[in-house]
Amino acid sequence: MLYFEKGSSGYAFTPDEIRKIVFDTLERLGPKKKVLAIPPDFTRFHSRAGELTNYVYEYYGDKLTDILPSLGTHFPMTESEINKMFPGVPVSLFRVHNWREDVVTVGTVPGEYVKEVSEGAVDYPVPVQVNRLLQEGGYDLILSIGQVVPHEVIGMANYNKNIFVGVGGAECINKSHFIGATFGMERIMGRALSPVRKVLNYASTHFAQHLPIVYMQTVISEGISGLEMRGLYIGDDFECFEKAAELSLETNFRMMDREMKKVVVYLDPSEFRSTWLGNKSIYRTRMAIADGGELIVLAPGLHQFGEDPINDQLIRKYGYVNTPQVLKYVKENEDLQNSLGVAAHLIHGTSEGRFNITYCPGHLTRQQIENVGYQYADLDEMMQRYNPAVLKDGWNEVDGEEIYYISNPALGLWAYRERFKN
């Protein structure tokens, strides 16, 4: 059921309007005794999910007993991040999701179905797990809050990905990511109904009907005065996500009439501390970069490769190599077989030899960068040449050279029209 829908590429919600929508919708849902909120973590700071969560807390008060950020495999939020993203909400309400230990299995998607929707890319069953709070917490309302935006693993982020991946377990995270990687990012990104989404929709239909989940989905894009909320959709089924995805495709997808020869991406150090996240600079631009082109990633906050110690070690061990080599590694090595999410990430992080990737890290050495397969450049030198304070998003000319600049790769998807069409 769809409880609220509004949005267009030229609309901008005001805070007072958003608050009224949240209050009116929660009133419509009726009295609740115990509520769980599942917003994104700080890596989705710009989603406006923090603001929505604040209004939920304002409405429910002590009936909002738990807030469980959908960390997936990311680091837990710090207290300062919580205070910045959710100002006024008590830190004591926040719980930490442990994707390796805090989960229960609610069902298994059959291998035959996975093989069918992935067109034979994989044929294994997918165990579906959720944080045990959802299953055992006794909530009469679970609010899943987040932003719909193009995504490299599933096509369009959010909806039930927030549940089965964001607060899901290792098996579902690893296997779902590998489905998307082997099926092909170019065939998935920007599409609401992908093989991975079909697997999660199966899980919603067969294993999660008993959970009282309502989704609050935002669509965010750049406006004259900065980031604006273009759409807000609240509901308990696929229609809510589908409508948000349609608007996101319209507002977040940059369809290019010509290929980019050189792309410079800036990674905000408060959000991007690993290549696990920072490689959005690759994921989101690879369909727009020309063969023989170059991607330069300005990464002042880069400290490591994985957000999880085990994942970090595996990335350092195998590196960002092309897909056939990753698949060979998986076939020959048990550690990657048990960490298919890392294998998928390695595939996502390669240009498949089409273009060069140069990382300019704030806290990693040349050797560390080159050991995982990227080129290295000095951050200070490159920040002087490509100054984020001077460049504007889009086409720029620097020392007589044309570049395309992106200040936040998490907010969109860029594709050359002909490559996307094909």
# chains A, B, ... in the order shown; residues from 1 in each chain; ligands from 1
>>> select_by_dssp(residues="stretch 155-326 of chain A", states="strand (DSSP E)", output="JSON, numbers by chain")
{"A": [155, 156, 213, 214, 215, 216, 217, 218, 219, 220, 221, 222, 223, 226, 227, 228, 229, 230, 231, 232, 233, 234, 235, 253, 254, 255, 256, 260, 261, 262, 263, 264, 265, 266, 289, 290, 291, 292, 293, 294, 295, 296, 297, 298, 299]}
>>> write_last_selection(atoms="C-alpha atoms", output="JSON list (two decimals), in the first residue's frame")
[["chain", "number", "residue", "atom", "x", "y", "z"],
["A", 155, "GLY", "CA", 20.55, -1.27, -9.98],
["A", 156, "MET", "CA", 18.74, 1.19, -7.71],
["A", 213, "ILE", "CA", 7.85, -2.81, 7.58],
["A", 214, "VAL", "CA", 6.97, 0.60, 6.12],
["A", 215, "TYR", "CA", 9.44, 2.25, 3.75],
["A", 216, "MET", "CA", 10.20, 6.00, 3.63],
["A", 217, "GLN", "CA", 12.07, 6.62, 0.37],
["A", 218, "THR", "CA", 13.68, 9.92, -0.63],
["A", 219, "VAL", "CA", 15.02, 11.14, -3.97],
["A", 220, "ILE", "CA", 17.77, 13.77, -3.72],
["A", 221, "SER", "CA", 19.52, 15.84, -6.38],
["A", 222, "GLU", "CA", 21.46, 19.06, -6.79],
["A", 223, "GLY", "CA", 19.50, 22.29, -6.94],
["A", 226, "GLY", "CA", 22.49, 22.84, -2.96],
["A", 227, "LEU", "CA", 21.00, 19.39, -2.45],
["A", 228, "GLU", "CA", 17.21, 19.24, -2.61],
["A", 229, "MET", "CA", 14.67, 16.56, -1.77],
["A", 230, "ARG", "CA", 12.87, 16.00, -5.07],
["A", 231, "GLY", "CA", 10.64, 13.13, -4.02],
["A", 232, "LEU", "CA", 9.24, 11.39, -0.96],
["A", 233, "TYR", "CA", 7.41, 8.07, -1.14],
["A", 234, "ILE", "CA", 6.04, 6.13, 1.84],
["A", 235, "GLY", "CA", 4.54, 2.65, 1.58],
["A", 253, "PHE", "CA", 21.09, 9.72, -14.04],
["A", 254, "ARG", "CA", 23.41, 11.85, -16.18],
["A", 255, "MET", "CA", 23.08, 10.53, -19.73],
["A", 256, "MET", "CA", 26.03, 11.85, -21.72],
["A", 260, "MET", "CA", 34.59, 11.47, -21.07],
["A", 261, "LYS", "CA", 38.34, 11.35, -21.76],
["A", 262, "LYS", "CA", 39.42, 12.48, -18.30],
["A", 263, "VAL", "CA", 37.29, 12.43, -15.14],
["A", 264, "VAL", "CA", 38.28, 13.90, -11.77],
["A", 265, "VAL", "CA", 36.28, 12.75, -8.74],
["A", 266, "TYR", "CA", 36.52, 14.24, -5.25],
["A", 289, "ILE", "CA", 34.56, 7.00, -19.61],
["A", 290, "ALA", "CA", 36.09, 6.44, -23.04],
["A", 291, "ASP", "CA", 38.43, 3.57, -23.85],
["A", 292, "GLY", "CA", 41.95, 4.78, -23.09],
["A", 293, "GLY", "CA", 40.58, 7.49, -20.79],
["A", 294, "GLU", "CA", 41.62, 8.32, -17.24],
["A", 295, "LEU", "CA", 39.88, 8.53, -13.89],
["A", 296, "ILE", "CA", 41.63, 10.57, -11.19],
["A", 297, "VAL", "CA", 40.30, 10.08, -7.65],
["A", 298, "LEU", "CA", 41.11, 12.79, -5.08],
["A", 299, "ALA", "CA", 40.77, 10.91, -1.79]]
>>> residues_around(residues="A:Arg419", least_positions_apart="5", cutoff="9 Å", atoms="only C-alpha atoms", output="ChimeraX atom specification")
/A:186,287-288
>>> closest_atom_pairs(of="stretch 140-240 of chain A", to="stretch 107-120 of chain A", cutoff="12 Å", atoms="only C-alpha atoms", output="Markdown table")
| residue | atom | partner | partner_atom | distance |
| --- | --- | --- | --- | --- |
| A:Ile154 | CA | A:Ser118 | CA | 11.9 |
| A:Phe164 | CA | A:Gly107 | CA | 11.2 |
| A:Glu171 | CA | A:Thr108 | CA | 10.5 |
| A:Cys172 | CA | A:Thr108 | CA | 9.3 |
| A:Lys175 | CA | A:Val114 | CA | 10.3 |
| A:Ser176 | CA | A:Val114 | CA | 9.7 |
| A:His177 | CA | A:Ser118 | CA | 12.0 |
| A:Phe178 | CA | A:Ser118 | CA | 10.6 |
| A:Ile179 | CA | A:Ser118 | CA | 6.9 |
| A:Gly180 | CA | A:Ser118 | CA | 8.2 |
| A:Ala181 | CA | A:Ser118 | CA | 10.5 |
| A:Thr182 | CA | A:Ser118 | CA | 8.7 |
| A:Phe183 | CA | A:Ser118 | CA | 6.4 |
| A:Gly184 | CA | A:Ser118 | CA | 9.9 |
| A:Arg187 | CA | A:Ser118 | CA | 11.1 |
| A:Ile188 | CA | A:Ser118 | CA | 11.0 |
| A:Leu193 | CA | A:Val117 | CA | 10.4 |
| A:Ser194 | CA | A:Val117 | CA | 8.3 |
| A:Pro195 | CA | A:Val117 | CA | 5.2 |
| A:Val196 | CA | A:Ser118 | CA | 7.9 |
| A:Arg197 | CA | A:Val117 | CA | 9.6 |
| A:Lys198 | CA | A:Val117 | CA | 7.0 |
| A:Val199 | CA | A:Val114 | CA | 6.7 |
| A:Leu200 | CA | A:Val109 | CA | 8.6 |
| A:Asn201 | CA | A:Val109 | CA | 10.0 |
| A:Tyr202 | CA | A:Val109 | CA | 7.0 |
| A:Ala203 | CA | A:Val109 | CA | 6.7 |
| A:Ser204 | CA | A:Gly107 | CA | 10.1 |
| A:Thr205 | CA | A:Val109 | CA | 10.7 |
| A:His206 | CA | A:Gly107 | CA | 7.9 |
| A:Phe207 | CA | A:Gly107 | CA | 5.8 |
| A:Ala208 | CA | A:Gly107 | CA | 9.0 |
| A:Gln209 | CA | A:Gly107 | CA | 11.9 |
>>> closest_residue(among="A:Thr323, A:Ser70, A:Ser92, A:Asn83", to="A:Gly169", atoms="only C-alpha atoms")
A:Ser70
>>> residues_around(residues="A:Lys280", least_positions_apart="6", cutoff="9 Å", atoms="only C-alpha atoms", output="PyMOL selection string")
chain A and resi 151-152+348-349+409-410
>>> select_by_dssp(residues="stretch 184-339 of chain A", states="helix (DSSP H, G or I)", output="MDAnalysis selection string")
chainID A and resid 185:187 195:207 238:252 275:278 280:283 309:318 323:332 334:337
>>> closest_residue(among="A:Ala121, A:Leu277, A:Val153, A:Val126", to="A:Gly301", atoms="only C-alpha atoms")
A:Leu277
>>> atom_distance(atom1="atom CA of A:Val398", atom2="atom CA of A:Met383")
12.2 Å
>>> closest_residue(among="A:Ile163, A:Leu391, A:Ile406, A:Ile310", to="A:Asp268", atoms="only C-alpha atoms")
A:Ile406
>>> residues_around(residues="stretch 138-147 of chain A", least_positions_apart="4", cutoff="8 Å", atoms="only C-alpha atoms", output="NGL selection string")
:A and (32-40 or 44 or 47-49 or 52-53 or 134 or 157-159 or 162-163 or 211-220)
>>> closest_residue(among="A:Phe42, A:Trp99, A:Tyr416, A:Phe94", to="A:Val130", atoms="only C-alpha atoms")
A:Trp99
>>> decode(residues="stretch 359-376 of chain A", atoms="N, CA, C and O atoms", output="PDB file, in the first residue's frame")
ATOM      1  N   TYR A 359      44.612   6.800  -8.155  1.00  0.00           N
ATOM      2  CA  TYR A 359      44.173   7.204  -6.813  1.00  0.00           C
ATOM      3  C   TYR A 359      45.187   8.165  -6.204  1.00  0.00           C
ATOM      4  O   TYR A 359      46.397   7.951  -6.306  1.00  0.00           O
ATOM      5  N   CYS A 360      44.659   9.213  -5.552  1.00  0.00           N
ATOM      6  CA  CYS A 360      45.477  10.194  -4.841  1.00  0.00           C
ATOM      7  C   CYS A 360      45.054  10.151  -3.376  1.00  0.00           C
ATOM      8  O   CYS A 360      44.175  10.907  -2.950  1.00  0.00           O
ATOM      9  N   PRO A 361      45.637   9.257  -2.563  1.00  0.00           N
ATOM     10  CA  PRO A 361      45.148   9.011  -1.205  1.00  0.00           C
ATOM     11  C   PRO A 361      45.776   9.928  -0.165  1.00  0.00           C
ATOM     12  O   PRO A 361      46.933  10.340  -0.294  1.00  0.00           O
ATOM     13  N   GLY A 362      44.996  10.197   0.869  1.00  0.00           N
ATOM     14  CA  GLY A 362      45.519  11.010   1.958  1.00  0.00           C
ATOM     15  C   GLY A 362      46.355  10.239   2.952  1.00  0.00           C
ATOM     16  O   GLY A 362      47.233  10.813   3.615  1.00  0.00           O
ATOM     17  N   HIS A 363      46.127   8.915   3.075  1.00  0.00           N
ATOM     18  CA  HIS A 363      46.772   8.164   4.158  1.00  0.00           C
ATOM     19  C   HIS A 363      47.280   6.792   3.723  1.00  0.00           C
ATOM     20  O   HIS A 363      47.552   5.945   4.574  1.00  0.00           O
ATOM     21  N   LEU A 364      47.405   6.542   2.432  1.00  0.00           N
ATOM     22  CA  LEU A 364      47.982   5.302   1.941  1.00  0.00           C
ATOM     23  C   LEU A 364      49.201   5.625   1.089  1.00  0.00           C
ATOM     24  O   LEU A 364      49.287   6.695   0.477  1.00  0.00           O
ATOM     25  N   THR A 365      50.139   4.686   1.030  1.00  0.00           N
ATOM     26  CA  THR A 365      51.390   4.920   0.306  1.00  0.00           C
ATOM     27  C   THR A 365      51.253   4.534  -1.172  1.00  0.00           C
ATOM     28  O   THR A 365      50.311   3.852  -1.582  1.00  0.00           O
ATOM     29  N   ARG A 366      52.242   4.983  -1.942  1.00  0.00           N
ATOM     30  CA  ARG A 366      52.304   4.593  -3.346  1.00  0.00           C
ATOM     31  C   ARG A 366      52.302   3.070  -3.486  1.00  0.00           C
ATOM     32  O   ARG A 366      51.575   2.506  -4.315  1.00  0.00           O
ATOM     33  N   GLN A 367      53.113   2.416  -2.673  1.00  0.00           N
ATOM     34  CA  GLN A 367      53.222   0.960  -2.767  1.00  0.00           C
ATOM     35  C   GLN A 367      51.891   0.285  -2.482  1.00  0.00           C
ATOM     36  O   GLN A 367      51.504  -0.663  -3.172  1.00  0.00           O
ATOM     37  N   GLN A 368      51.176   0.762  -1.464  1.00  0.00           N
ATOM     38  CA  GLN A 368      49.895   0.150  -1.125  1.00  0.00           C
ATOM     39  C   GLN A 368      48.881   0.314  -2.260  1.00  0.00           C
ATOM     40  O   GLN A 368      48.132  -0.622  -2.571  1.00  0.00           O
ATOM     41  N   ILE A 369      48.854   1.492  -2.864  1.00  0.00           N
ATOM     42  CA  ILE A 369      47.929   1.736  -3.971  1.00  0.00           C
ATOM     43  C   ILE A 369      48.298   0.896  -5.194  1.00  0.00           C
ATOM     44  O   ILE A 369      47.439   0.246  -5.820  1.00  0.00           O
ATOM     45  N   GLU A 370      49.573   0.890  -5.530  1.00  0.00           N
ATOM     46  CA  GLU A 370      50.000   0.147  -6.717  1.00  0.00           C
ATOM     47  C   GLU A 370      49.886  -1.358  -6.522  1.00  0.00           C
ATOM     48  O   GLU A 370      49.650  -2.099  -7.481  1.00  0.00           O
ATOM     49  N   ASN A 371      50.012  -1.825  -5.273  1.00  0.00           N
ATOM     50  CA  ASN A 371      49.906  -3.257  -5.002  1.00  0.00           C
ATOM     51  C   ASN A 371      48.505  -3.803  -5.271  1.00  0.00           C
ATOM     52  O   ASN A 371      48.343  -5.003  -5.518  1.00  0.00           O
ATOM     53  N   VAL A 372      47.483  -2.957  -5.198  1.00  0.00           N
ATOM     54  CA  VAL A 372      46.122  -3.439  -5.482  1.00  0.00           C
ATOM     55  C   VAL A 372      45.713  -3.161  -6.927  1.00  0.00           C
ATOM     56  O   VAL A 372      44.563  -3.418  -7.311  1.00  0.00           O
ATOM     57  N   GLY A 373      46.652  -2.621  -7.720  1.00  0.00           N
ATOM     58  CA  GLY A 373      46.387  -2.512  -9.145  1.00  0.00           C
ATOM     59  C   GLY A 373      46.056  -1.139  -9.676  1.00  0.00           C
ATOM     60  O   GLY A 373      45.750  -0.986 -10.865  1.00  0.00           O
ATOM     61  N   TYR A 374      46.091  -0.106  -8.812  1.00  0.00           N
ATOM     62  CA  TYR A 374      45.806   1.250  -9.278  1.00  0.00           C
ATOM     63  C   TYR A 374      47.100   2.024  -9.491  1.00  0.00           C
ATOM     64  O   TYR A 374      48.148   1.671  -8.952  1.00  0.00           O
ATOM     65  N   GLN A 375      47.009   3.109 -10.249  1.00  0.00           N
ATOM     66  CA  GLN A 375      48.113   4.039 -10.352  1.00  0.00           C
ATOM     67  C   GLN A 375      48.033   5.014  -9.177  1.00  0.00           C
ATOM     68  O   GLN A 375      46.962   5.236  -8.613  1.00  0.00           O
ATOM     69  N   TYR A 376      49.188   5.593  -8.831  1.00  0.00           N
ATOM     70  CA  TYR A 376      49.281   6.500  -7.682  1.00  0.00           C
ATOM     71  C   TYR A 376      49.704   7.885  -8.154  1.00  0.00           C
ATOM     72  O   TYR A 376      50.510   8.037  -9.075  1.00  0.00           O
TER      73      TYR A 376
END
